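Here is model-v8.cif, consisting of mmCIF, C-alpha atoms and all ligand atoms:
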```
data_model
#
loop_
_atom_site.group_PDB
_atom_site.id
_atom_site.type_symbol
_atom_site.label_atom_id
_atom_site.label_comp_id
_atom_site.auth_asym_id
_atom_site.auth_seq_id
_atom_site.Cartn_x
_atom_site.Cartn_y
_atom_site.Cartn_z
ATOM 1 C CA MET A 28 10.461 -1.938 9.750
ATOM 2 C CA VAL A 29 10.163 -4.327 12.684
ATOM 3 C CA GLU A 30 6.700 -5.470 11.605
ATOM 4 C CA LYS A 31 6.103 -8.317 9.169
ATOM 5 C CA ILE A 32 4.446 -8.031 5.782
ATOM 6 C CA GLY A 33 2.844 -10.874 3.825
ATOM 7 C CA PHE A 34 1.654 -11.205 0.245
ATOM 8 C CA ILE A 35 -1.350 -13.382 -0.595
ATOM 9 C CA GLY A 36 -0.663 -13.995 -4.277
ATOM 10 C CA ALA A 37 2.969 -13.991 -5.339
ATOM 11 C CA GLY A 38 2.528 -12.922 -8.964
ATOM 12 C CA SER A 39 4.033 -10.097 -11.042
ATOM 13 C CA MET A 40 2.913 -7.197 -8.884
ATOM 14 C CA ALA A 41 3.798 -8.896 -5.597
ATOM 15 C CA GLU A 42 7.268 -9.580 -6.995
ATOM 16 C CA ALA A 43 7.662 -5.956 -8.111
ATOM 17 C CA LEU A 44 6.711 -4.734 -4.618
ATOM 18 C CA ILE A 45 8.865 -7.316 -2.830
ATOM 19 C CA THR A 46 11.898 -6.407 -4.932
ATOM 20 C CA GLY A 47 11.279 -2.718 -4.316
ATOM 21 C CA ILE A 48 10.859 -2.934 -0.540
ATOM 22 C CA LEU A 49 13.848 -5.265 -0.138
ATOM 23 C CA GLU A 50 15.968 -3.022 -2.329
ATOM 24 C CA ALA A 51 14.880 -0.005 -0.270
ATOM 25 C CA GLU A 52 15.785 -2.031 2.867
ATOM 26 C CA LEU A 53 12.413 -1.211 4.388
ATOM 27 C CA PHE A 54 11.855 -4.849 5.355
ATOM 28 C CA SER A 55 14.454 -7.580 5.622
ATOM 29 C CA ALA A 56 13.669 -10.843 3.795
ATOM 30 C CA ASP A 57 12.968 -12.643 7.094
ATOM 31 C CA ARG A 58 10.042 -10.255 7.649
ATOM 32 C CA VAL A 59 8.454 -10.773 4.231
ATOM 33 C CA TYR A 60 6.042 -13.706 3.761
ATOM 34 C CA ILE A 61 4.389 -15.081 0.653
ATOM 35 C CA SER A 62 1.633 -17.561 -0.086
ATOM 36 C CA ASP A 63 0.313 -18.634 -3.468
ATOM 37 C CA ILE A 64 -1.579 -21.619 -4.861
ATOM 38 C CA ASN A 65 1.264 -22.021 -7.334
ATOM 39 C CA GLN A 66 3.983 -23.755 -5.293
ATOM 40 C CA GLU A 67 6.587 -23.468 -8.051
ATOM 41 C CA ARG A 68 6.119 -19.738 -7.986
ATOM 42 C CA VAL A 69 6.515 -19.619 -4.204
ATOM 43 C CA GLU A 70 9.715 -21.691 -4.346
ATOM 44 C CA SER A 71 11.091 -19.527 -7.113
ATOM 45 C CA LEU A 72 10.528 -16.265 -5.183
ATOM 46 C CA HIS A 73 11.904 -17.851 -2.014
ATOM 47 C CA ASN A 74 15.080 -18.894 -3.834
ATOM 48 C CA LYS A 75 15.456 -15.535 -5.527
ATOM 49 C CA TYR A 76 14.762 -13.227 -2.546
ATOM 50 C CA GLN A 77 15.033 -15.507 0.533
ATOM 51 C CA VAL A 78 11.538 -14.419 1.612
ATOM 52 C CA GLN A 79 9.565 -16.654 3.971
ATOM 53 C CA ILE A 80 7.056 -19.195 2.687
ATOM 54 C CA ALA A 81 3.671 -19.532 4.368
ATOM 55 C CA ASN A 82 2.084 -22.924 3.645
ATOM 56 C CA ASN A 83 -1.262 -21.337 2.869
ATOM 57 C CA ASN A 84 -3.182 -18.077 3.206
ATOM 58 C CA GLN A 85 -4.402 -18.922 6.732
ATOM 59 C CA GLU A 86 -0.810 -19.466 7.891
ATOM 60 C CA LEU A 87 0.272 -16.211 6.312
ATOM 61 C CA VAL A 88 -2.468 -14.267 8.090
ATOM 62 C CA LYS A 89 -1.290 -15.728 11.418
ATOM 63 C CA GLN A 90 2.297 -14.646 10.799
ATOM 64 C CA VAL A 91 2.163 -11.021 9.690
ATOM 65 C CA ASP A 92 1.092 -7.505 10.688
ATOM 66 C CA TYR A 93 0.377 -6.234 7.174
ATOM 67 C CA ILE A 94 -1.446 -8.407 4.652
ATOM 68 C CA VAL A 95 -1.155 -7.432 0.997
ATOM 69 C CA LEU A 96 -3.881 -8.973 -1.122
ATOM 70 C CA ALA A 97 -2.183 -9.323 -4.512
ATOM 71 C CA VAL A 98 -4.439 -11.763 -6.325
ATOM 72 C CA LYS A 99 -6.675 -11.236 -9.332
ATOM 73 C CA PRO A 100 -9.907 -9.399 -8.504
ATOM 74 C CA ARG A 101 -12.086 -12.419 -9.230
ATOM 75 C CA VAL A 102 -10.526 -14.533 -6.442
ATOM 76 C CA VAL A 103 -10.629 -11.854 -3.727
ATOM 77 C CA LYS A 104 -14.104 -12.856 -2.508
ATOM 78 C CA LYS A 105 -13.205 -16.533 -2.216
ATOM 79 C CA ILE A 106 -9.973 -15.831 -0.343
ATOM 80 C CA LEU A 107 -11.455 -13.327 2.095
ATOM 81 C CA GLY A 108 -14.426 -15.655 2.605
ATOM 82 C CA ARG A 109 -11.885 -18.119 4.023
ATOM 83 C CA VAL A 110 -9.420 -15.909 5.926
ATOM 84 C CA GLY A 111 -11.323 -12.643 6.463
ATOM 85 C CA GLN A 112 -12.592 -13.426 9.969
ATOM 86 C CA GLN A 113 -9.083 -14.451 11.008
ATOM 87 C CA ILE A 114 -7.724 -10.961 10.430
ATOM 88 C CA ARG A 115 -7.411 -9.006 13.690
ATOM 89 C CA PRO A 116 -7.880 -5.245 14.201
ATOM 90 C CA TYR A 117 -4.178 -4.772 15.080
ATOM 91 C CA GLN A 118 -3.345 -6.036 11.575
ATOM 92 C CA LYS A 119 -3.932 -4.114 8.358
ATOM 93 C CA LEU A 120 -5.289 -5.334 5.045
ATOM 94 C CA PHE A 121 -3.836 -3.692 1.943
ATOM 95 C CA SER A 122 -5.589 -4.695 -1.271
ATOM 96 C CA ILE A 123 -4.091 -3.940 -4.661
ATOM 97 C CA ALA A 124 -6.808 -5.761 -6.611
ATOM 98 C CA ALA A 125 -8.080 -3.605 -9.472
ATOM 99 C CA GLY A 126 -11.664 -2.476 -9.097
ATOM 100 C CA VAL A 127 -12.410 -4.120 -5.736
ATOM 101 C CA THR A 128 -13.783 -1.505 -3.329
ATOM 102 C CA THR A 129 -13.039 -1.103 0.373
ATOM 103 C CA LYS A 130 -16.728 -1.853 1.083
ATOM 104 C CA GLN A 131 -16.496 -5.156 -0.792
ATOM 105 C CA LEU A 132 -13.365 -6.063 1.182
ATOM 106 C CA GLU A 133 -14.856 -4.990 4.511
ATOM 107 C CA LYS A 134 -17.893 -7.268 4.063
ATOM 108 C CA HIS A 135 -15.648 -10.232 4.911
ATOM 109 C CA LEU A 136 -13.901 -8.671 7.924
ATOM 110 C CA SER A 137 -14.651 -7.611 11.484
ATOM 111 C CA THR A 138 -15.774 -3.997 11.419
ATOM 112 C CA ASP A 139 -12.639 -2.666 13.144
ATOM 113 C CA VAL A 140 -10.039 -4.112 10.743
ATOM 114 C CA PRO A 141 -8.203 -1.311 8.911
ATOM 115 C CA VAL A 142 -8.443 -1.715 5.146
ATOM 116 C CA VAL A 143 -6.557 0.244 2.516
ATOM 117 C CA ARG A 144 -7.235 -0.062 -1.214
ATOM 118 C CA LEU A 145 -4.152 0.732 -3.277
ATOM 119 C CA MET A 146 -3.219 0.912 -6.921
ATOM 120 C CA PRO A 147 0.563 0.654 -7.380
ATOM 121 C CA ASN A 148 2.382 0.024 -10.652
ATOM 122 C CA THR A 149 5.227 -2.228 -11.744
ATOM 123 C CA PRO A 150 8.037 0.389 -11.769
ATOM 124 C CA ALA A 151 7.891 -0.060 -7.954
ATOM 125 C CA LEU A 152 10.330 -2.846 -8.811
ATOM 126 C CA ILE A 153 13.064 -0.248 -9.317
ATOM 127 C CA GLY A 154 11.814 2.310 -6.776
ATOM 128 C CA SER A 155 10.040 4.408 -9.420
ATOM 129 C CA GLY A 156 6.461 3.321 -8.830
ATOM 130 C CA ALA A 157 3.345 5.476 -8.672
ATOM 131 C CA THR A 158 0.753 4.433 -6.091
ATOM 132 C CA ALA A 159 -2.596 5.911 -5.153
ATOM 133 C CA TYR A 160 -4.527 4.777 -2.101
ATOM 134 C CA THR A 161 -7.787 5.269 -0.312
ATOM 135 C CA LEU A 162 -8.697 4.393 3.267
ATOM 136 C CA GLY A 163 -11.496 2.090 4.368
ATOM 137 C CA GLN A 164 -13.945 2.978 7.139
ATOM 138 C CA ALA A 165 -11.808 1.658 10.034
ATOM 139 C CA ALA A 166 -8.466 2.881 8.696
ATOM 140 C CA THR A 167 -7.080 5.795 10.680
ATOM 141 C CA GLU A 168 -4.103 8.118 10.343
ATOM 142 C CA ASP A 169 -1.971 5.218 11.554
ATOM 143 C CA ALA A 170 -2.885 3.125 8.493
ATOM 144 C CA SER A 171 -2.207 6.122 6.291
ATOM 145 C CA ARG A 172 1.216 6.614 7.901
ATOM 146 C CA VAL A 173 2.162 2.940 7.407
ATOM 147 C CA VAL A 174 0.987 2.893 3.784
ATOM 148 C CA LYS A 175 2.938 6.058 3.034
ATOM 149 C CA GLU A 176 6.058 4.655 4.644
ATOM 150 C CA ILE A 177 5.891 1.375 2.734
ATOM 151 C CA PHE A 178 4.870 2.663 -0.671
ATOM 152 C CA SER A 179 6.994 5.821 -0.644
ATOM 153 C CA SER A 180 9.976 3.478 -0.338
ATOM 154 C CA VAL A 181 9.150 2.276 -3.865
ATOM 155 C CA GLY A 182 8.146 5.569 -5.494
ATOM 156 C CA LEU A 183 5.494 8.265 -5.426
ATOM 157 C CA ILE A 184 2.362 7.881 -3.301
ATOM 158 C CA VAL A 185 -0.825 9.960 -3.291
ATOM 159 C CA GLU A 186 -4.124 9.655 -1.438
ATOM 160 C CA VAL A 187 -7.321 9.966 -3.490
ATOM 161 C CA LYS A 188 -11.044 9.620 -2.862
ATOM 162 C CA GLU A 189 -12.267 6.087 -3.479
ATOM 163 C CA ASP A 190 -14.370 7.052 -6.505
ATOM 164 C CA LEU A 191 -11.130 8.008 -8.297
ATOM 165 C CA MET A 192 -9.376 4.679 -7.800
ATOM 166 C CA ASP A 193 -10.670 3.214 -11.086
ATOM 167 C CA ALA A 194 -9.357 6.241 -12.964
ATOM 168 C CA VAL A 195 -5.966 5.794 -11.279
ATOM 169 C CA THR A 196 -6.028 2.169 -12.421
ATOM 170 C CA GLY A 197 -6.705 3.261 -16.016
ATOM 171 C CA LEU A 198 -3.928 5.856 -15.930
ATOM 172 C CA SER A 199 -0.949 4.882 -13.752
ATOM 173 C CA GLY A 200 -1.843 1.290 -12.836
ATOM 174 C CA SER A 201 -2.019 0.202 -16.453
ATOM 175 C CA GLY A 202 0.080 3.092 -17.782
ATOM 176 C CA PRO A 203 3.509 1.412 -17.788
ATOM 177 C CA ALA A 204 2.239 -0.940 -20.516
ATOM 178 C CA TYR A 205 1.163 2.016 -22.683
ATOM 179 C CA ILE A 206 4.631 3.502 -22.316
ATOM 180 C CA TYR A 207 6.401 0.216 -23.100
ATOM 181 C CA MET A 208 4.321 0.026 -26.256
ATOM 182 C CA ILE A 209 5.367 3.568 -27.165
ATOM 183 C CA VAL A 210 9.058 2.722 -26.575
ATOM 184 C CA GLU A 211 8.733 -0.406 -28.689
ATOM 185 C CA ALA A 212 6.923 1.469 -31.458
ATOM 186 C CA LEU A 213 9.450 4.334 -31.430
ATOM 187 C CA SER A 214 12.268 1.858 -31.641
ATOM 188 C CA ASP A 215 10.569 0.058 -34.571
ATOM 189 C CA ALA A 216 9.977 3.436 -36.183
ATOM 190 C CA GLY A 217 13.717 4.176 -35.929
ATOM 191 C CA VAL A 218 14.537 0.847 -37.551
ATOM 192 C CA ASN A 219 12.037 1.691 -40.287
ATOM 193 C CA VAL A 220 14.070 4.788 -41.205
ATOM 194 C CA GLY A 221 17.355 2.870 -41.216
ATOM 195 C CA LEU A 222 18.747 2.862 -37.651
ATOM 196 C CA PRO A 223 20.276 -0.329 -36.288
ATOM 197 C CA ARG A 224 17.923 -1.924 -33.698
ATOM 198 C CA LYS A 225 20.236 -1.411 -30.718
ATOM 199 C CA VAL A 226 20.822 2.237 -31.530
ATOM 200 C CA ALA A 227 17.121 2.847 -32.148
ATOM 201 C CA SER A 228 16.171 1.234 -28.815
ATOM 202 C CA LYS A 229 18.788 3.129 -26.826
ATOM 203 C CA LEU A 230 17.734 6.437 -28.359
ATOM 204 C CA ALA A 231 14.030 5.713 -27.865
ATOM 205 C CA ILE A 232 14.471 4.813 -24.186
ATOM 206 C CA GLN A 233 16.724 7.773 -23.401
ATOM 207 C CA THR A 234 14.386 10.160 -25.214
ATOM 208 C CA LEU A 235 11.506 8.969 -23.076
ATOM 209 C CA LEU A 236 13.539 9.165 -19.859
ATOM 210 C CA GLY A 237 14.981 12.581 -20.711
ATOM 211 C CA ALA A 238 11.614 14.042 -21.630
ATOM 212 C CA GLY A 239 9.984 12.536 -18.509
ATOM 213 C CA GLU A 240 12.686 13.865 -16.198
ATOM 214 C CA MET A 241 12.605 17.272 -17.864
ATOM 215 C CA VAL A 242 8.865 17.704 -17.486
ATOM 216 C CA GLN A 243 9.140 16.650 -13.842
ATOM 217 C CA GLU A 244 12.170 18.759 -12.929
ATOM 218 C CA LEU A 245 11.306 21.981 -14.738
ATOM 219 C CA GLU A 246 7.658 21.841 -13.632
ATOM 220 C CA LYS A 247 6.624 23.485 -16.892
ATOM 221 C CA HIS A 248 3.504 22.674 -18.851
ATOM 222 C CA PRO A 249 4.404 19.883 -21.326
ATOM 223 C CA ALA A 250 3.123 22.025 -24.198
ATOM 224 C CA GLN A 251 5.794 24.657 -23.395
ATOM 225 C CA LEU A 252 8.518 22.003 -23.552
ATOM 226 C CA LYS A 253 7.047 20.625 -26.783
ATOM 227 C CA ASP A 254 7.277 24.119 -28.287
ATOM 228 C CA LEU A 255 11.009 24.259 -27.444
ATOM 229 C CA VAL A 256 11.640 21.209 -29.639
ATOM 230 C CA THR A 257 9.552 22.490 -32.499
ATOM 231 C CA SER A 258 11.437 24.713 -34.949
ATOM 232 C CA PRO A 259 9.212 26.627 -37.374
ATOM 233 C CA GLY A 260 8.804 24.709 -40.631
ATOM 234 C CA GLY A 261 11.052 21.988 -39.203
ATOM 235 C CA THR A 262 11.097 18.249 -38.621
ATOM 236 C CA THR A 263 9.268 18.113 -35.287
ATOM 237 C CA ILE A 264 6.154 19.950 -36.437
ATOM 238 C CA THR A 265 6.040 17.590 -39.412
ATOM 239 C CA GLY A 266 6.112 14.605 -37.040
ATOM 240 C CA LEU A 267 3.564 16.184 -34.676
ATOM 241 C CA LYS A 268 1.204 16.804 -37.583
ATOM 242 C CA GLU A 269 1.247 13.048 -38.282
ATOM 243 C CA LEU A 270 0.558 12.239 -34.612
ATOM 244 C CA GLU A 271 -2.434 14.622 -34.646
ATOM 245 C CA LYS A 272 -3.678 13.132 -37.912
ATOM 246 C CA THR A 273 -3.405 9.558 -36.672
ATOM 247 C CA GLY A 274 -4.847 10.482 -33.278
ATOM 248 C CA LEU A 275 -2.199 9.840 -30.601
ATOM 249 C CA ARG A 276 -4.065 12.042 -28.127
ATOM 250 C CA SER A 277 -7.426 10.443 -28.721
ATOM 251 C CA SER A 278 -5.873 6.968 -28.572
ATOM 252 C CA LEU A 279 -4.535 7.762 -25.097
ATOM 253 C CA TYR A 280 -7.858 9.289 -23.959
ATOM 254 C CA GLN A 281 -9.592 6.152 -25.189
ATOM 255 C CA ALA A 282 -7.091 3.760 -23.594
ATOM 256 C CA VAL A 283 -7.402 5.382 -20.160
ATOM 257 C CA GLU A 284 -11.198 5.625 -20.434
ATOM 258 C CA SER A 285 -11.616 1.967 -21.443
ATOM 259 C CA ALA A 286 -9.181 0.734 -18.780
ATOM 260 C CA THR A 287 -11.062 2.793 -16.161
ATOM 261 C CA ALA A 288 -14.347 1.221 -17.258
ATOM 262 C CA LYS A 289 -12.741 -2.227 -17.126
ATOM 263 C CA SER A 290 -11.570 -1.598 -13.568
ATOM 264 C CA LYS A 291 -15.192 -0.914 -12.560
ATOM 265 C CA GLU A 292 -16.310 -4.053 -14.383
ATOM 266 C CA LEU A 293 -13.749 -6.202 -12.529
ATOM 267 C CA ARG A 294 -15.458 -5.634 -9.186
ATOM 268 C CA GLY A 295 -18.326 -7.688 -10.562
ATOM 269 C CA GLU A 296 -21.320 -5.652 -9.356
HETATM 270 N N1 LIG B 301 0.449 -6.312 -12.751
HETATM 271 C C1 LIG B 301 0.290 -5.022 -12.505
HETATM 272 O O1 LIG B 301 0.906 -4.133 -13.127
HETATM 273 C C2 LIG B 301 -0.654 -4.575 -11.429
HETATM 274 C C3 LIG B 301 -1.554 -5.443 -10.845
HETATM 275 N N2 LIG B 301 -2.409 -5.000 -9.881
HETATM 276 C C4 LIG B 301 -3.352 -5.926 -9.245
HETATM 277 O O2 LIG B 301 -2.605 -6.876 -8.540
HETATM 278 C C5 LIG B 301 -3.286 -8.110 -8.517
HETATM 279 C C6 LIG B 301 -2.337 -9.187 -8.981
HETATM 280 O O3 LIG B 301 -1.965 -8.902 -10.309
HETATM 281 P P1 LIG B 301 -0.736 -9.631 -10.983
HETATM 282 O O4 LIG B 301 0.394 -9.721 -10.005
HETATM 283 O O5 LIG B 301 -0.541 -8.980 -12.276
HETATM 284 O O6 LIG B 301 -1.390 -11.085 -11.192
HETATM 285 P P2 LIG B 301 -0.686 -12.496 -11.211
HETATM 286 O O7 LIG B 301 -1.654 -13.420 -11.860
HETATM 287 O O8 LIG B 301 0.687 -12.372 -11.734
HETATM 288 O O9 LIG B 301 -0.569 -12.872 -9.647
HETATM 289 C C7 LIG B 301 -1.602 -13.373 -8.861
HETATM 290 C C8 LIG B 301 -1.107 -14.634 -8.169
HETATM 291 O O10 LIG B 301 -2.088 -15.063 -7.225
HETATM 292 C C9 LIG B 301 -2.172 -16.480 -7.318
HETATM 293 N N3 LIG B 301 -3.418 -16.972 -6.723
HETATM 294 C C10 LIG B 301 -4.591 -17.302 -7.343
HETATM 295 N N4 LIG B 301 -5.481 -17.785 -6.430
HETATM 296 C C11 LIG B 301 -4.853 -17.746 -5.224
HETATM 297 C C12 LIG B 301 -5.240 -18.117 -3.913
HETATM 298 N N5 LIG B 301 -6.447 -18.637 -3.639
HETATM 299 N N6 LIG B 301 -4.358 -17.936 -2.906
HETATM 300 C C13 LIG B 301 -3.120 -17.441 -3.145
HETATM 301 N N7 LIG B 301 -2.686 -17.081 -4.377
HETATM 302 C C14 LIG B 301 -3.544 -17.223 -5.392
HETATM 303 C C15 LIG B 301 -2.047 -16.727 -8.797
HETATM 304 O O11 LIG B 301 -1.806 -18.063 -9.090
HETATM 305 P P3 LIG B 301 -2.343 -18.624 -10.529
HETATM 306 O O12 LIG B 301 -1.609 -17.848 -11.556
HETATM 307 O O13 LIG B 301 -1.971 -20.073 -10.493
HETATM 308 O O14 LIG B 301 -3.816 -18.368 -10.553
HETATM 309 C C16 LIG B 301 -0.875 -15.799 -9.138
HETATM 310 O O15 LIG B 301 0.363 -16.410 -8.876
HETATM 311 C C17 LIG B 301 -4.500 -7.974 -9.414
HETATM 312 O O16 LIG B 301 -5.656 -7.830 -8.632
HETATM 313 C C18 LIG B 301 -4.230 -6.717 -10.200
HETATM 314 O O17 LIG B 301 -5.429 -6.019 -10.463
HETATM 315 C C19 LIG B 301 -2.356 -3.723 -9.396
HETATM 316 C C20 LIG B 301 -1.471 -2.842 -9.927
HETATM 317 C C21 LIG B 301 -0.607 -3.146 -11.032
HETATM 318 O O1 LIG B 302 -4.110 -5.256 -16.042
HETATM 319 C C1 LIG B 302 -4.595 -5.250 -14.908
HETATM 320 O O2 LIG B 302 -5.780 -5.579 -14.709
HETATM 321 C C2 LIG B 302 -3.748 -4.816 -13.740
HETATM 322 C C3 LIG B 302 -4.344 -3.652 -12.995
HETATM 323 C C4 LIG B 302 -3.473 -2.486 -13.309
HETATM 324 C C5 LIG B 302 -2.342 -3.051 -14.027
HETATM 325 N N1 LIG B 302 -2.473 -4.320 -14.219
#
```
Please rewrite the model in this file as structure tokens.
Amino acid sequence: MVEKIGFIGAGSMAEALITGILEAELFSADRVYISDINQERVESLHNKYQVQIANNNQELVKQVDYIVLAVKPRVVKKILGRVGQQIRPYQKLFSIAAGVTTKQLEKHLSTDVPVVRLMPNTPALIGSGATAYTLGQAATEDASRVVKEIFSSVGLIVEVKEDLMDAVTGLSGSGPAYIYMIVEALSDAGVNVGLPRKVASKLAIQTLLGAGEMVQELEKHPAQLKDLVTSPGGTTITGLKELEKTGLRSSLYQAVESATAKSKELRGE
């Protein structure tokens, strides 16, 4: 893209997105700007990716077309209180802060600044992210087109109504961590029954990848694919019985529900 993109907050998620968009060659490093209160962090990302350093958030806003707000939800208000009025209608504000609504963001801006609230996830780092977005009141088809172009370069992107953004945060925003925990637990479980750690980890990861790809490619209901693994009176049904007994399904329901509630709480209203 010929436009410039800048990240206010150069933490984990900004790094995942920067890596993904550079890898996808959507932006060159001379068109990507970062600013962060942590100067060590800024230097480290600059050295690693050759992205441009803005001395502060005000400088960044002056330099770029697209501003990605990638700070923790609790500092959004303070930052936009300082730079919000500087943002011009030809620019676009993309916020990835969990819980913070487009209305809350728009309070600090001129009424005609396009705002998009997004919820990406860390696999964007390797081009396998999942992002949902919703448009603010001044965001038109043009904002939608730009968001799709940028975020489809790092994975899947879907538009949802704003009242679903907290649920997205509980499911796919936080979801990679649930899956990493499952991989770790499966690998430990393999070690528990005698497999060497490396073998157990490799098998756990590939099983997860294979099952994920299969459910995506075959477009079958996951229960149908589960049935294919499950021989009558066999090993799988014995394992599944344990997962039902110990409540894997209800644990996941509960995790997504609590994370969704937390997303709402983070907006501080
Ligand atoms: N991590 C994830 O998987 C995802 C995160 N998000 C959202 O992205 C946002 C960032 O999350 P994440 O990357 O994990 O958080 P991080 O804490 O890793 O990154 C935020 C960065 O912003 C810096 N910062 C704090 N205050 C300012 C300021 N005034 N100006 C500029 N930079 C500042 C922080 O510095 P310091 O640490 O010194 O405070 C930190 O380096 C959050 O709102 C989160 O909800 C969305 C999707 C997924
Ligand atoms: O844990 C968090 O609050 C952020 C939002 C989604 C993923 N990480």
Picked residues, the PyMOL selection byres (((chain A and resi 84) around 9) and not hetatm), expected as a PDB file with C-alpha atoms, in the frame of the given file:
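Below is the file out-v5.pdb, written as the result:
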```pdb
ATOM      1  CA  PHE A  34       1.654 -11.205   0.245  1.00  0.00           C
ATOM      2  CA  ILE A  35      -1.350 -13.382  -0.595  1.00  0.00           C
ATOM      3  CA  GLY A  36      -0.663 -13.995  -4.277  1.00  0.00           C
ATOM      4  CA  ILE A  61       4.389 -15.081   0.653  1.00  0.00           C
ATOM      5  CA  SER A  62       1.633 -17.561  -0.086  1.00  0.00           C
ATOM      6  CA  ASP A  63       0.313 -18.634  -3.468  1.00  0.00           C
ATOM      7  CA  ILE A  64      -1.579 -21.619  -4.861  1.00  0.00           C
ATOM      8  CA  ALA A  81       3.671 -19.532   4.368  1.00  0.00           C
ATOM      9  CA  ASN A  82       2.084 -22.924   3.645  1.00  0.00           C
ATOM     10  CA  ASN A  83      -1.262 -21.337   2.869  1.00  0.00           C
ATOM     11  CA  GLN A  85      -4.402 -18.922   6.732  1.00  0.00           C
ATOM     12  CA  GLU A  86      -0.810 -19.466   7.891  1.00  0.00           C
ATOM     13  CA  LEU A  87       0.272 -16.211   6.312  1.00  0.00           C
ATOM     14  CA  VAL A  88      -2.468 -14.267   8.090  1.00  0.00           C
ATOM     15  CA  LYS A  89      -1.290 -15.728  11.418  1.00  0.00           C
ATOM     16  CA  ILE A 106      -9.973 -15.831  -0.343  1.00  0.00           C
ATOM     17  CA  ARG A 109     -11.885 -18.119   4.023  1.00  0.00           C
ATOM     18  CA  VAL A 110      -9.420 -15.909   5.926  1.00  0.00           C
TER      19      VAL A 110
END
```
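Nearest residue to ligand LIG 302 (chain B) among A:Pro203, A:Pro141, A:Gly156, A:Pro116 is A:Pro203, counting all atoms listed in the file.
For Ala227 (chain A), the list of residues within 10 Å, based on all atoms listed in the file and with local chain neighbours fewer than 3 positions off taken out, reads A:Val210, A:Glu211, A:Leu213, A:Ser214, A:Asp215, A:Ala216, A:Gly217, A:Val218, A:Asn219, A:Val220, A:Gly221, A:Leu222, A:Pro223, A:Arg224, A:Leu230, A:Ala231, A:Ile232.
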Problem - Selected residue, from A:Gly266, A:Gly197, A:Gly237, A:Gly111, that lies nearest to ligand LIG 302 (chain B) when counting all atoms listed in the file - result: A:Gly197
Practice task
Go ahead and compute the interatomic distance for CA of Met28 (chain A) and atom P3 of ligand LIG 301 (chain B), in Å to one decimal.
Solution key: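 If I compute the distance from CA of Met28 (chain A) to atom P3 of ligand LIG 301 (chain B), I get 29.2 Å.
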Exercise for the section: Starting from the displayed file, determine the output of the PyMOL selection byres (((not hetatm)) within 9 of (chain B and resi 301)) and express the residue list as number ranges by chain. Expected result: A: 34-43, 61-66, 68-69, 83-84, 96-103, 105-106, 122-127, 145-150, 158, 196, 199-204, 290, 293
Can you put N, CA and C atoms back into region 163-174 of chain A and show it as a PDB file, in the frame of the given file?
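That gives us result-v6.pdb:
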```pdb
ATOM      1  N   GLY A 163     -10.200   2.670   4.025  1.00  0.00           N
ATOM      2  CA  GLY A 163     -11.496   2.090   4.368  1.00  0.00           C
ATOM      3  C   GLY A 163     -12.047   2.738   5.637  1.00  0.00           C
ATOM      4  N   GLN A 164     -13.249   2.291   6.043  1.00  0.00           N
ATOM      5  CA  GLN A 164     -13.945   2.978   7.139  1.00  0.00           C
ATOM      6  C   GLN A 164     -13.221   2.872   8.487  1.00  0.00           C
ATOM      7  N   ALA A 165     -12.469   1.794   8.732  1.00  0.00           N
ATOM      8  CA  ALA A 165     -11.808   1.658  10.034  1.00  0.00           C
ATOM      9  C   ALA A 165     -10.326   2.056   9.980  1.00  0.00           C
ATOM     10  N   ALA A 166      -9.892   2.526   8.830  1.00  0.00           N
ATOM     11  CA  ALA A 166      -8.466   2.881   8.696  1.00  0.00           C
ATOM     12  C   ALA A 166      -8.255   4.317   9.173  1.00  0.00           C
ATOM     13  N   THR A 167      -7.325   4.473  10.090  1.00  0.00           N
ATOM     14  CA  THR A 167      -7.080   5.795  10.680  1.00  0.00           C
ATOM     15  C   THR A 167      -5.793   6.384  10.099  1.00  0.00           C
ATOM     16  N   GLU A 168      -5.364   7.480  10.714  1.00  0.00           N
ATOM     17  CA  GLU A 168      -4.103   8.118  10.343  1.00  0.00           C
ATOM     18  C   GLU A 168      -2.928   7.141  10.431  1.00  0.00           C
ATOM     19  N   ASP A 169      -3.049   6.187  11.376  1.00  0.00           N
ATOM     20  CA  ASP A 169      -1.971   5.218  11.554  1.00  0.00           C
ATOM     21  C   ASP A 169      -1.811   4.357  10.288  1.00  0.00           C
ATOM     22  N   ALA A 170      -2.937   3.929   9.727  1.00  0.00           N
ATOM     23  CA  ALA A 170      -2.885   3.125   8.493  1.00  0.00           C
ATOM     24  C   ALA A 170      -2.296   3.962   7.361  1.00  0.00           C
ATOM     25  N   SER A 171      -2.708   5.213   7.324  1.00  0.00           N
ATOM     26  CA  SER A 171      -2.207   6.122   6.291  1.00  0.00           C
ATOM     27  C   SER A 171      -0.690   6.288   6.413  1.00  0.00           C
ATOM     28  N   ARG A 172      -0.227   6.431   7.652  1.00  0.00           N
ATOM     29  CA  ARG A 172       1.216   6.614   7.901  1.00  0.00           C
ATOM     30  C   ARG A 172       1.993   5.378   7.428  1.00  0.00           C
ATOM     31  N   VAL A 173       1.468   4.188   7.771  1.00  0.00           N
ATOM     32  CA  VAL A 173       2.162   2.940   7.407  1.00  0.00           C
ATOM     33  C   VAL A 173       2.206   2.778   5.885  1.00  0.00           C
ATOM     34  N   VAL A 174       1.066   3.027   5.238  1.00  0.00           N
ATOM     35  CA  VAL A 174       0.987   2.893   3.784  1.00  0.00           C
ATOM     36  C   VAL A 174       1.976   3.847   3.115  1.00  0.00           C
TER      37      VAL A 174
END
```
